[in-house]
file target.txt (compact mmCIF, C-alpha atoms)
# COMPACT_ATOMS: atom_id res chain seq x y z
CA MET A 1 25.64 -10.01 -54.45
CA ILE A 2 24.88 -9.48 -58.13
CA MET A 3 21.93 -7.06 -57.74
CA ARG A 4 21.49 -4.58 -54.90
CA ALA A 5 17.97 -3.93 -53.56
CA ASP A 6 18.15 -0.12 -53.74
CA ILE A 7 19.54 -0.23 -57.29
CA VAL A 8 16.86 -2.70 -58.46
CA THR A 9 14.14 -0.55 -56.84
CA ALA A 10 15.43 2.58 -58.59
CA ILE A 11 15.60 0.76 -61.95
CA LEU A 12 12.07 -0.64 -61.54
CA LEU A 13 10.72 2.86 -60.83
CA MET A 14 12.71 4.33 -63.74
CA GLY A 15 11.17 1.72 -66.05
CA VAL A 16 7.65 2.59 -64.90
CA ALA A 17 8.37 6.31 -65.43
CA SER A 18 9.79 5.54 -68.88
CA TYR A 19 6.82 3.41 -69.98
CA LEU A 20 4.32 5.98 -68.63
CA CYS A 21 5.94 8.54 -70.95
CA ARG A 22 5.68 6.13 -73.89
CA ILE A 23 1.98 5.35 -73.38
CA GLY A 24 0.95 8.67 -71.75
CA GLY A 25 0.60 10.75 -74.90
CA TYR A 26 -1.07 7.87 -76.74
CA LEU A 27 -3.64 7.46 -73.92
CA PHE A 28 -4.12 11.22 -73.65
CA MET A 29 -4.95 11.56 -77.35
CA ARG A 30 -7.80 9.09 -76.91
CA TYR A 31 -9.78 11.66 -74.89
CA VAL A 32 -8.35 15.12 -75.55
CA ALA A 33 -6.99 16.89 -78.57
CA ILE A 34 -3.58 18.41 -77.84
CA THR A 35 -4.03 22.19 -77.87
CA SER A 36 -1.47 24.33 -79.62
CA ARG A 37 -0.07 25.51 -76.26
CA VAL A 38 0.39 21.96 -74.96
CA GLU A 39 1.92 21.04 -78.30
CA ALA A 40 4.30 24.01 -78.06
CA TRP A 41 5.30 22.90 -74.54
CA LEU A 42 5.97 19.31 -75.65
CA ASN A 43 7.69 20.51 -78.83
CA SER A 44 10.05 22.66 -76.75
CA MET A 45 10.95 19.77 -74.44
CA PRO A 46 13.69 18.07 -76.52
CA ILE A 47 15.71 21.22 -77.13
CA ALA A 48 15.27 22.24 -73.47
CA VAL A 49 16.54 18.82 -72.32
CA ILE A 50 19.49 19.06 -74.71
CA GLY A 51 20.29 22.53 -73.35
CA ALA A 52 19.98 21.33 -69.76
CA VAL A 53 22.45 18.48 -70.38
CA LEU A 54 24.95 20.44 -72.50
CA GLY A 55 24.87 23.70 -70.47
CA PRO A 56 26.76 22.47 -67.39
CA ILE A 57 29.14 20.37 -69.54
CA ALA A 58 30.08 23.49 -71.52
CA ALA A 59 30.20 25.65 -68.38
CA LYS A 60 32.56 23.26 -66.56
CA GLY A 61 34.45 21.96 -69.62
CA GLY A 62 37.72 23.12 -71.12
CA ALA A 63 38.94 23.52 -74.70
CA SER A 64 38.49 19.76 -75.37
CA GLU A 65 34.79 19.78 -74.52
CA TRP A 66 34.15 22.99 -76.45
CA LEU A 67 35.95 21.61 -79.53
CA GLY A 68 33.95 18.38 -79.17
CA LEU A 69 30.64 20.24 -79.13
CA VAL A 70 31.65 22.42 -82.10
CA THR A 71 32.66 19.25 -83.99
CA ALA A 72 29.37 17.46 -83.21
CA ILE A 73 27.22 20.40 -84.31
CA GLY A 74 29.41 21.39 -87.28
CA MET A 75 29.73 17.84 -88.64
CA MET A 76 25.99 17.28 -88.25
CA ARG A 77 25.26 20.44 -90.24
CA LEU A 78 27.72 19.41 -92.96
CA THR A 79 27.01 15.68 -93.26
CA GLY A 80 23.59 15.14 -91.65
CA ASN A 81 24.94 11.85 -90.30
CA ASP A 82 24.53 11.66 -86.51
CA PHE A 83 26.64 8.51 -86.10
CA LEU A 84 29.60 9.98 -88.02
CA SER A 85 29.30 13.34 -86.24
CA ALA A 86 29.15 11.82 -82.75
CA VAL A 87 32.16 9.55 -83.48
CA ALA A 88 34.15 12.53 -84.81
CA ALA A 89 33.28 14.62 -81.74
CA VAL A 90 34.32 11.86 -79.33
CA ALA A 91 37.55 11.38 -81.33
CA VAL A 92 38.31 15.12 -81.12
CA VAL A 93 37.80 15.06 -77.34
CA ALA A 94 39.97 11.96 -76.89
CA THR A 95 42.73 13.38 -79.13
CA THR A 96 42.85 16.85 -77.58
CA ARG A 97 42.87 15.33 -74.09
CA ALA A 98 45.87 13.19 -75.07
CA LEU A 99 47.82 16.27 -76.21
CA PRO A 100 50.49 17.39 -73.71
CA GLY A 101 49.85 20.56 -71.76
CA MET B 1 -14.82 11.14 -82.83
CA ALA B 2 -13.13 10.35 -86.13
CA GLU B 3 -13.28 6.83 -87.44
CA PHE B 4 -9.96 5.22 -88.23
CA PRO B 5 -9.58 1.94 -90.13
CA ARG B 6 -7.92 -0.98 -88.37
CA PRO B 7 -4.43 -1.27 -89.89
CA PRO B 8 -2.84 -4.62 -90.79
CA PHE B 9 -0.49 -6.08 -88.18
CA THR B 10 1.34 -8.95 -89.85
CA SER B 11 4.58 -10.91 -89.67
CA ARG B 12 5.55 -9.26 -92.97
CA GLY B 13 5.29 -5.84 -91.31
CA LEU B 14 7.30 -7.16 -88.38
CA GLN B 15 9.99 -8.34 -90.83
CA ALA B 16 9.97 -5.06 -92.78
CA GLY B 17 10.63 -3.20 -89.54
CA ALA B 18 13.38 -5.56 -88.41
CA ILE B 19 15.15 -5.15 -91.77
CA GLY B 20 14.44 -1.44 -92.26
CA VAL B 21 15.95 -0.46 -88.91
CA TRP B 22 19.50 -1.69 -89.68
CA PRO B 23 20.97 1.75 -90.58
CA LEU B 24 20.35 2.78 -86.97
CA ILE B 25 22.04 -0.24 -85.40
CA PRO B 26 25.80 0.67 -85.50
CA ALA B 27 25.26 3.98 -83.67
CA LEU B 28 22.90 2.32 -81.20
CA ALA B 29 25.43 -0.43 -80.45
CA MET B 30 28.21 2.13 -79.89
CA TYR B 31 25.89 4.11 -77.66
CA GLY B 32 24.99 0.93 -75.73
CA VAL B 33 28.66 0.07 -75.23
CA ALA B 34 29.25 3.61 -73.93
CA PHE B 35 26.32 3.19 -71.54
CA GLY B 36 27.76 -0.12 -70.31
CA VAL B 37 31.10 1.55 -69.61
CA MET B 38 29.37 4.41 -67.78
CA ALA B 39 27.27 1.95 -65.76
CA LYS B 40 30.43 0.14 -64.68
CA THR B 41 32.06 3.45 -63.70
CA ALA B 42 28.94 4.29 -61.65
CA GLY B 43 29.27 0.96 -59.80
CA LEU B 44 26.48 -1.11 -61.40
CA SER B 45 26.96 -4.87 -61.94
CA THR B 46 26.67 -6.37 -65.46
CA LEU B 47 23.26 -7.79 -64.58
CA GLU B 48 22.05 -4.43 -63.22
CA ALA B 49 23.26 -2.61 -66.35
CA ALA B 50 21.54 -5.13 -68.66
CA PHE B 51 18.38 -5.04 -66.52
CA MET B 52 18.26 -1.24 -66.68
CA SER B 53 18.66 -1.30 -70.47
CA GLY B 54 15.98 -3.97 -70.90
CA TRP B 55 13.46 -2.50 -68.47
CA VAL B 56 13.95 1.28 -68.91
CA HIS B 57 15.04 1.11 -72.58
CA ALA B 58 15.88 4.83 -72.94
CA GLY B 59 19.52 5.71 -73.56
CA GLY B 60 19.44 9.42 -72.79
CA ALA B 61 17.45 8.88 -69.58
CA GLN B 62 19.72 6.04 -68.44
CA MET B 63 22.91 8.03 -69.03
CA ALA B 64 21.49 11.15 -67.41
CA ALA B 65 20.34 9.09 -64.40
CA LEU B 66 23.89 7.72 -64.03
CA GLN B 67 25.19 11.31 -63.81
CA GLY B 68 23.27 11.63 -60.55
CA TRP B 69 24.01 8.08 -59.30
CA ALA B 70 25.16 7.87 -55.68
CA ASP B 71 25.25 5.42 -52.76
CA PRO B 72 22.46 4.90 -51.76
CA VAL B 73 20.70 5.54 -55.08
CA PRO B 74 18.56 8.74 -55.03
CA ALA B 75 15.51 6.96 -56.47
CA LEU B 76 13.30 10.05 -56.60
CA ALA B 77 15.89 12.16 -58.41
CA VAL B 78 16.68 9.50 -61.04
CA CYS B 79 12.93 8.97 -61.65
CA PHE B 80 12.43 12.69 -62.16
CA THR B 81 15.38 12.69 -64.56
CA THR B 82 13.82 9.75 -66.44
CA LEU B 83 10.51 11.61 -66.73
CA ALA B 84 12.25 14.79 -67.88
CA MET B 85 14.39 12.96 -70.44
CA ASN B 86 11.47 10.90 -71.80
CA ALA B 87 8.75 13.56 -71.74
CA ARG B 88 9.18 13.88 -75.52
CA TYR B 89 7.77 10.33 -75.85
CA LEU B 90 4.40 11.80 -74.82
CA LEU B 91 4.27 13.64 -78.12
CA LEU B 92 5.73 10.76 -80.14
CA GLY B 93 3.08 8.42 -78.71
CA ALA B 94 0.35 10.95 -79.35
CA THR B 95 1.21 11.08 -83.05
CA LEU B 96 0.59 7.32 -83.31
CA ARG B 97 -3.05 7.57 -82.14
CA PRO B 98 -4.76 7.88 -85.55
CA TRP B 99 -2.74 5.00 -87.04
CA PHE B 100 -2.86 2.66 -84.01
CA SER B 101 -6.25 3.54 -82.46
CA GLU B 102 -8.13 0.50 -83.79
CA LEU B 103 -5.40 -1.97 -82.87
CA PRO B 104 -6.10 -4.29 -79.92
CA SER B 105 -4.18 -3.38 -76.75
CA TYR B 106 -1.98 -6.49 -76.93
CA GLN B 107 -0.56 -5.11 -80.20
CA SER B 108 -0.39 -1.35 -79.51
CA TYR B 109 1.03 -1.37 -75.96
CA PRO B 110 3.99 -3.72 -76.57
CA SER B 111 4.75 -1.63 -79.68
CA LEU B 112 4.90 1.51 -77.52
CA PHE B 113 7.31 -0.21 -75.11
CA VAL B 114 9.93 -0.52 -77.87
CA MET B 115 9.23 2.92 -79.40
CA GLY B 116 12.40 5.02 -79.70
CA ASP B 117 13.19 8.23 -81.55
CA GLY B 118 14.72 6.44 -84.54
CA ASN B 119 12.17 3.70 -85.23
CA TRP B 120 9.28 6.07 -84.49
CA ALA B 121 10.52 8.40 -87.25
CA MET B 122 11.05 5.44 -89.60
CA ALA B 123 7.59 4.03 -88.88
CA LEU B 124 5.91 7.38 -89.54
CA ARG B 125 7.86 7.68 -92.78
CA GLU B 126 6.60 4.22 -93.83
CA HIS B 127 3.05 5.21 -92.91
CA SER B 128 3.23 8.43 -94.92
CA GLN B 129 4.33 6.38 -97.93
CA GLY B 130 1.20 4.25 -97.72
CA ARG B 131 2.73 1.20 -96.02
CA ASP B 132 0.39 1.03 -93.05
CA ASP B 133 1.37 -2.32 -91.50
CA ALA B 134 1.44 -1.31 -87.83
CA ALA B 135 3.81 -4.17 -86.91
CA PHE B 136 6.69 -2.14 -88.43
CA LEU B 137 7.21 -0.28 -85.13
CA LEU B 138 7.33 -3.50 -83.08
CA GLY B 139 9.66 -5.26 -85.55
CA SER B 140 12.13 -2.38 -85.68
CA GLY B 141 11.81 -1.80 -81.93
CA LEU B 142 12.56 -5.42 -81.02
CA VAL B 143 15.82 -5.33 -83.01
CA MET B 144 16.75 -2.03 -81.32
CA TRP B 145 15.86 -3.42 -77.87
CA THR B 146 17.99 -6.54 -78.42
CA THR B 147 20.91 -4.43 -79.68
CA TRP B 148 20.59 -2.01 -76.77
CA VAL B 149 20.54 -4.71 -74.07
CA SER B 150 23.35 -6.81 -75.55
CA SER B 151 25.64 -3.84 -76.30
CA SER B 152 25.07 -2.49 -72.78
CA ALA B 153 26.18 -5.82 -71.32
CA ALA B 154 29.15 -5.97 -73.72
CA GLY B 155 30.21 -2.42 -72.81
CA HIS B 156 30.08 -3.33 -69.15
CA ALA B 157 32.39 -6.30 -69.85
CA PHE B 158 34.80 -4.21 -71.99
CA GLY B 159 34.81 -1.64 -69.18
CA GLN B 160 37.34 -3.83 -67.37
CA LEU B 161 39.76 -3.28 -70.26
CA LEU B 162 39.15 0.46 -70.41
CA SER B 163 40.44 1.49 -67.01
CA ARG B 164 39.93 5.18 -67.71
CA PRO B 165 37.00 5.71 -70.11
CA GLU B 166 37.54 9.49 -70.12
CA THR B 167 40.88 8.92 -71.91
CA TRP B 168 38.85 7.60 -74.86
CA GLY B 169 36.34 10.43 -74.63
CA LEU B 170 33.61 7.96 -73.71
CA ASP B 171 32.27 10.26 -71.00
CA PHE B 172 31.56 12.67 -73.86
CA VAL B 173 29.35 10.33 -75.92
CA LEU B 174 26.10 11.70 -74.48
CA ALA B 175 27.22 15.30 -75.05
CA ALA B 176 28.29 14.44 -78.62
CA TYR B 177 25.00 12.67 -79.33
CA PHE B 178 22.98 15.57 -77.90
CA GLY B 179 25.10 18.05 -79.85
CA THR B 180 24.14 16.32 -83.10
CA MET B 181 20.48 16.10 -81.96
CA SER B 182 20.41 19.85 -81.27
CA VAL B 183 20.78 20.43 -85.02
CA ALA B 184 17.58 18.49 -85.73
CA PHE B 185 15.61 20.18 -82.94
CA LEU B 186 16.76 23.75 -83.70
CA ARG B 187 14.42 24.19 -86.64
CA ALA B 188 13.62 27.86 -86.16
CA THR B 189 14.94 30.93 -84.35
CA ARG B 190 12.17 30.58 -81.74
CA ASP B 191 13.70 27.23 -80.67
CA LEU B 192 16.68 29.20 -79.33
CA PHE B 193 14.54 30.55 -76.49
CA PRO B 194 13.80 27.21 -74.72
CA LEU B 195 17.41 26.17 -75.42
CA ILE B 196 18.93 29.24 -73.74
CA VAL B 197 16.52 29.10 -70.77
CA GLY B 198 17.28 25.39 -70.38
CA VAL B 199 21.05 25.99 -70.51
CA LEU B 200 21.04 28.84 -67.97
CA THR B 201 18.60 27.14 -65.56
CA ALA B 202 20.62 23.91 -65.62
CA ILE B 203 23.93 25.74 -65.00
CA VAL B 204 22.44 27.52 -61.96
CA PHE B 205 20.71 24.39 -60.54
CA GLU B 206 23.77 22.22 -61.12
CA ARG B 207 25.67 24.51 -58.72
CA LEU B 208 22.85 24.69 -56.18
CA LEU B 209 21.65 21.07 -55.94
CA PRO B 210 23.45 17.70 -55.91
CA GLY B 211 22.53 14.87 -58.30
CA ALA B 212 20.47 14.96 -61.47
CA TRP B 213 17.87 17.57 -60.55
CA TYR B 214 19.44 20.22 -62.80
CA ILE B 215 18.39 18.37 -65.97
CA GLY B 216 14.75 18.20 -64.89
CA ALA B 217 14.82 21.83 -63.74
CA GLY B 218 16.36 23.00 -67.01
CA ALA B 219 13.97 20.89 -69.08
CA LEU B 220 10.93 22.19 -67.22
CA ALA B 221 11.98 25.85 -67.31
CA GLY B 222 13.11 25.67 -70.95
CA SER B 223 9.99 23.91 -72.24
CA MET B 224 7.68 26.24 -70.29
CA ALA B 225 9.59 29.17 -71.77
CA GLY B 226 8.88 27.65 -75.19
CA ALA B 227 5.15 27.39 -74.40
CA LEU B 228 5.01 30.96 -73.02
CA ARG B 229 6.81 32.23 -76.07
CA HIS B 230 4.20 30.45 -78.18
CA ASP B 231 1.36 32.24 -76.34
CA HIS B 232 3.15 35.54 -76.75
CA ALA B 233 3.51 34.99 -80.48
CA ARG B 234 -0.19 34.30 -80.99
call {"tool": "encode", "arguments": {"input": "target.txt", "output": "structure tokens"}}
result
Amino acid sequence: MIMRADIVTAILLMGVASYLCRIGGYLFMRYVAITSRVEAWLNSMPIAVIGAVLGPIAAKGGASEWLGLVTAIGMMRLTGNDFLSAVAAVAVVATTRALPG
Amino acid sequence: MAEFPRPPFTSRGLQAGAIGVWPLIPALAMYGVAFGVMAKTAGLSTLEAAFMSGWVHAGGAQMAALQGWADPVPALAVCFTTLAMNARYLLLGATLRPWFSELPSYQSYPSLFVMGDGNWAMALREHSQGRDDAAFLLGSGLVMWTTWVSSSAAGHAFGQLLSRPETWGLDFVLAAYFGTMSVAFLRATRDLFPLIVGVLTAIVFERLLPGAWYIGAGALAGSMAGALRHDHAR
């Protein structure tokens, strides 16, 4: 069995949800102007999502994860290069995990 | 209603997008490989991983959904996660309305399917510089889509060599990527409010509920906090 029915169903629904987000705002703007409150809500969404993903990782993580996050944010501030910063952060996590103790 | 001119939609614009997007490709390929490894760890087959990348085409949503993957798959929870992770596309899509409004549907809606954060920003930059060929988004998006699907499949295959992806820090790729993104989205002190509410809500919900619900809960609470704060400030 290469593809399981429940997995394919979940992926199909995820794709519909994803595409609805992509076209939803575009369709919406055809009829209604986005008010400043709606805009503030949508504008706050990315940073809220980032916080929701990183919060539990930081809460459950040890020194490796904290150093990784500091590296990602610090490198991004210094270099402005997201690829370089993400690679450096992953390298810091991998290296500190390999350290004994 | 404002009148917008119909923009050109040519093969030259398609080409400009496909060429212009290359700086984004190495990071995207690494990200796709990491997703493939994660998908293997979660128990997906190569075909399922490639299908998810091709059909859903949203890295953050796919990785977050895998965090809550179980047997059987909690379809409702992963869909809610997808909506929460991709809600920002509502705003991205909305910003394209003036430029794309006079395009026929068979040009605008496929373009929106391959819209990502990176090529959306690039396309808007092109537009602001007077290059209004609307095919730029589709051209850049098709190269990103192809990279995403093929690197996902490749990562799934390499996953057999990496027996313990956490040794290589690959379970941290999403956190690292989001850490770098936080710099771009923290533009002002007021952005700290939705961030902190999102962090605290997610930590609480992650302990209370199984699966991926905590991301949606944190996103909803944090973004609503941002909107309330906006009202308060006015």
call {"tool": "closest_atom_pairs", "arguments": {"input": "target.txt", "of": "chain A", "to": "chain B", "cutoff": "7 Å", "atoms": "all atoms listed in the file", "output": "JSON lines"}}
result
{"residue": "A:Ile2", "atom": "CA", "partner": "B:Ser45", "partner_atom": "CA", "distance": 6.3}
{"residue": "A:Met3", "atom": "CA", "partner": "B:Glu48", "partner_atom": "CA", "distance": 6.1}
{"residue": "A:Asp6", "atom": "CA", "partner": "B:Val73", "partner_atom": "CA", "distance": 6.4}
{"residue": "A:Ile7", "atom": "CA", "partner": "B:Val73", "partner_atom": "CA", "distance": 6.3}
{"residue": "A:Ala10", "atom": "CA", "partner": "B:Ala75", "partner_atom": "CA", "distance": 4.9}
{"residue": "A:Ile11", "atom": "CA", "partner": "B:Met52", "partner_atom": "CA", "distance": 5.8}
{"residue": "A:Leu13", "atom": "CA", "partner": "B:Cys79", "partner_atom": "CA", "distance": 6.5}
{"residue": "A:Met14", "atom": "CA", "partner": "B:Cys79", "partner_atom": "CA", "distance": 5.1}
{"residue": "A:Gly15", "atom": "CA", "partner": "B:Val56", "partner_atom": "CA", "distance": 4.0}
{"residue": "A:Ala17", "atom": "CA", "partner": "B:Leu83", "partner_atom": "CA", "distance": 5.9}
{"residue": "A:Ser18", "atom": "CA", "partner": "B:Val56", "partner_atom": "CA", "distance": 6.0}
{"residue": "A:Tyr19", "atom": "CA", "partner": "B:Phe113", "partner_atom": "CA", "distance": 6.3}
{"residue": "A:Cys21", "atom": "CA", "partner": "B:Leu90", "partner_atom": "CA", "distance": 5.3}
{"residue": "A:Arg22", "atom": "CA", "partner": "B:Tyr89", "partner_atom": "CA", "distance": 5.1}
{"residue": "A:Ile23", "atom": "CA", "partner": "B:Gly93", "partner_atom": "CA", "distance": 6.2}
{"residue": "A:Gly24", "atom": "CA", "partner": "B:Leu90", "partner_atom": "CA", "distance": 5.6}
{"residue": "A:Gly25", "atom": "CA", "partner": "B:Leu90", "partner_atom": "CA", "distance": 3.9}
{"residue": "A:Tyr26", "atom": "CA", "partner": "B:Ala94", "partner_atom": "CA", "distance": 4.3}
{"residue": "A:Met29", "atom": "CA", "partner": "B:Ala94", "partner_atom": "CA", "distance": 5.7}
{"residue": "A:Arg37", "atom": "CA", "partner": "B:Ala227", "partner_atom": "CA", "distance": 5.9}
{"residue": "A:Ala40", "atom": "CA", "partner": "B:Ala227", "partner_atom": "CA", "distance": 5.1}
{"residue": "A:Trp41", "atom": "CA", "partner": "B:Ala227", "partner_atom": "CA", "distance": 4.5}
{"residue": "A:Leu42", "atom": "CA", "partner": "B:Arg88", "partner_atom": "CA", "distance": 6.3}
{"residue": "A:Ser44", "atom": "CA", "partner": "B:Ser223", "partner_atom": "CA", "distance": 4.7}
{"residue": "A:Met45", "atom": "CA", "partner": "B:Ser223", "partner_atom": "CA", "distance": 4.8}
{"residue": "A:Pro46", "atom": "CA", "partner": "B:Arg88", "partner_atom": "CA", "distance": 6.2}
{"residue": "A:Ile47", "atom": "CA", "partner": "B:Leu195", "partner_atom": "CA", "distance": 5.5}
{"residue": "A:Ala48", "atom": "CA", "partner": "B:Gly222", "partner_atom": "CA", "distance": 4.8}
{"residue": "A:Val49", "atom": "CA", "partner": "B:Ala219", "partner_atom": "CA", "distance": 4.6}
{"residue": "A:Ile50", "atom": "CA", "partner": "B:Phe178", "partner_atom": "CA", "distance": 5.9}
{"residue": "A:Gly51", "atom": "CA", "partner": "B:Val199", "partner_atom": "CA", "distance": 4.5}
{"residue": "A:Ala52", "atom": "CA", "partner": "B:Val199", "partner_atom": "CA", "distance": 4.8}
{"residue": "A:Val53", "atom": "CA", "partner": "B:Ile215", "partner_atom": "CA", "distance": 6.0}
{"residue": "A:Leu54", "atom": "CA", "partner": "B:Ala175", "partner_atom": "CA", "distance": 6.2}
{"residue": "A:Gly55", "atom": "CA", "partner": "B:Val199", "partner_atom": "CA", "distance": 4.5}
{"residue": "A:Pro56", "atom": "CA", "partner": "B:Ile203", "partner_atom": "CA", "distance": 4.9}
{"residue": "A:Gly68", "atom": "CA", "partner": "B:Ala176", "partner_atom": "CA", "distance": 6.9}
{"residue": "A:Leu69", "atom": "CA", "partner": "B:Gly179", "partner_atom": "CA", "distance": 6.0}
{"residue": "A:Ala72", "atom": "CA", "partner": "B:Thr180", "partner_atom": "CA", "distance": 5.4}
{"residue": "A:Ile73", "atom": "CA", "partner": "B:Thr180", "partner_atom": "CA", "distance": 5.3}
{"residue": "A:Met76", "atom": "CA", "partner": "B:Thr180", "partner_atom": "CA", "distance": 5.6}
{"residue": "A:Arg77", "atom": "CA", "partner": "B:Val183", "partner_atom": "CA", "distance": 6.9}
{"residue": "A:Asp82", "atom": "CA", "partner": "B:Thr180", "partner_atom": "CA", "distance": 5.8}
{"residue": "A:Phe83", "atom": "CA", "partner": "B:Ala27", "partner_atom": "CA", "distance": 5.3}
{"residue": "A:Ser85", "atom": "CA", "partner": "B:Thr180", "partner_atom": "CA", "distance": 6.7}
{"residue": "A:Ala86", "atom": "CA", "partner": "B:Ala176", "partner_atom": "CA", "distance": 5.0}
{"residue": "A:Ala89", "atom": "CA", "partner": "B:Ala176", "partner_atom": "CA", "distance": 5.9}
{"residue": "A:Val90", "atom": "CA", "partner": "B:Gly169", "partner_atom": "CA", "distance": 5.3}
{"residue": "A:Ala91", "atom": "CA", "partner": "B:Gly169", "partner_atom": "CA", "distance": 6.9}
{"residue": "A:Val93", "atom": "CA", "partner": "B:Gly169", "partner_atom": "CA", "distance": 5.6}
{"residue": "A:Ala94", "atom": "CA", "partner": "B:Gly169", "partner_atom": "CA", "distance": 4.5}
call {"tool": "closest_residue", "arguments": {"input": "target.txt", "among": "B:Thr41, B:Trp22, B:Ala50, B:Leu208", "to": "B:Ala154", "atoms": "all atoms listed in the file"}}
result
B:Ala50
call {"tool": "atom_distance", "arguments": {"input": "target.txt", "atom1": "atom CA of B:Trp213", "atom2": "atom CA of B:Ser152"}}
result
24.6 Å
call {"tool": "atom_distance", "arguments": {"input": "target.txt", "atom1": "atom CA of B:Met38", "atom2": "atom CA of B:Phe158"}}
result
11.0 Å
call {"tool": "atom_distance", "arguments": {"input": "target.txt", "atom1": "atom CA of B:Leu138", "atom2": "atom CA of B:Gln15"}}
result
9.5 Å
call {"tool": "axis_aligned_box", "arguments": {"input": "target.txt", "around": "stretch 93-101 of chain A", "padding_each_side": "5 Å", "output": "JSON"}}
result
{"center_x": 44.1, "center_y": 16.3, "center_z": -75.4, "size_x": 22.7, "size_y": 18.6, "size_z": 17.4}
call {"tool": "decode", "arguments": {"input": "target.txt", "residues": "stretch 59-64 of chain A", "atoms": "all heavy atoms", "output": "short mmCIF file (atom, residue, chain, number, x, y, z; two decimals), in the first residue's frame"}}
result
data_model
loop_
_atom_site.label_atom_id
_atom_site.label_comp_id
_atom_site.auth_asym_id
_atom_site.auth_seq_id
_atom_site.Cartn_x
_atom_site.Cartn_y
_atom_site.Cartn_z
N ALA A 59 9.52 26.40 25.66
CA ALA A 59 9.10 25.98 27.00
C ALA A 59 9.60 24.57 27.33
O ALA A 59 9.98 24.28 28.46
CB ALA A 59 7.58 26.04 27.11
N LYS A 60 9.60 23.68 26.31
CA LYS A 60 10.00 22.29 26.54
C LYS A 60 11.49 22.07 26.28
O LYS A 60 12.05 21.06 26.71
CB LYS A 60 9.20 21.35 25.63
CG LYS A 60 7.74 21.20 26.03
CD LYS A 60 7.09 20.03 25.31
CE LYS A 60 7.01 20.24 23.81
NZ LYS A 60 6.28 19.18 23.13
N GLY A 61 12.12 22.99 25.52
CA GLY A 61 13.49 22.79 25.06
C GLY A 61 14.52 23.05 26.14
O GLY A 61 14.24 23.67 27.17
N GLY A 62 15.75 22.57 25.88
CA GLY A 62 16.86 22.80 26.78
C GLY A 62 17.78 23.88 26.23
O GLY A 62 17.38 24.70 25.38
N ALA A 63 19.03 23.87 26.70
CA ALA A 63 20.01 24.88 26.29
C ALA A 63 20.22 24.89 24.77
O ALA A 63 20.38 25.95 24.17
CB ALA A 63 21.33 24.64 27.01
N SER A 64 20.21 23.70 24.14
CA SER A 64 20.41 23.60 22.68
C SER A 64 19.36 24.42 21.94
O SER A 64 19.70 25.22 21.05
CB SER A 64 20.30 22.15 22.23
OG SER A 64 21.55 21.52 22.25
#
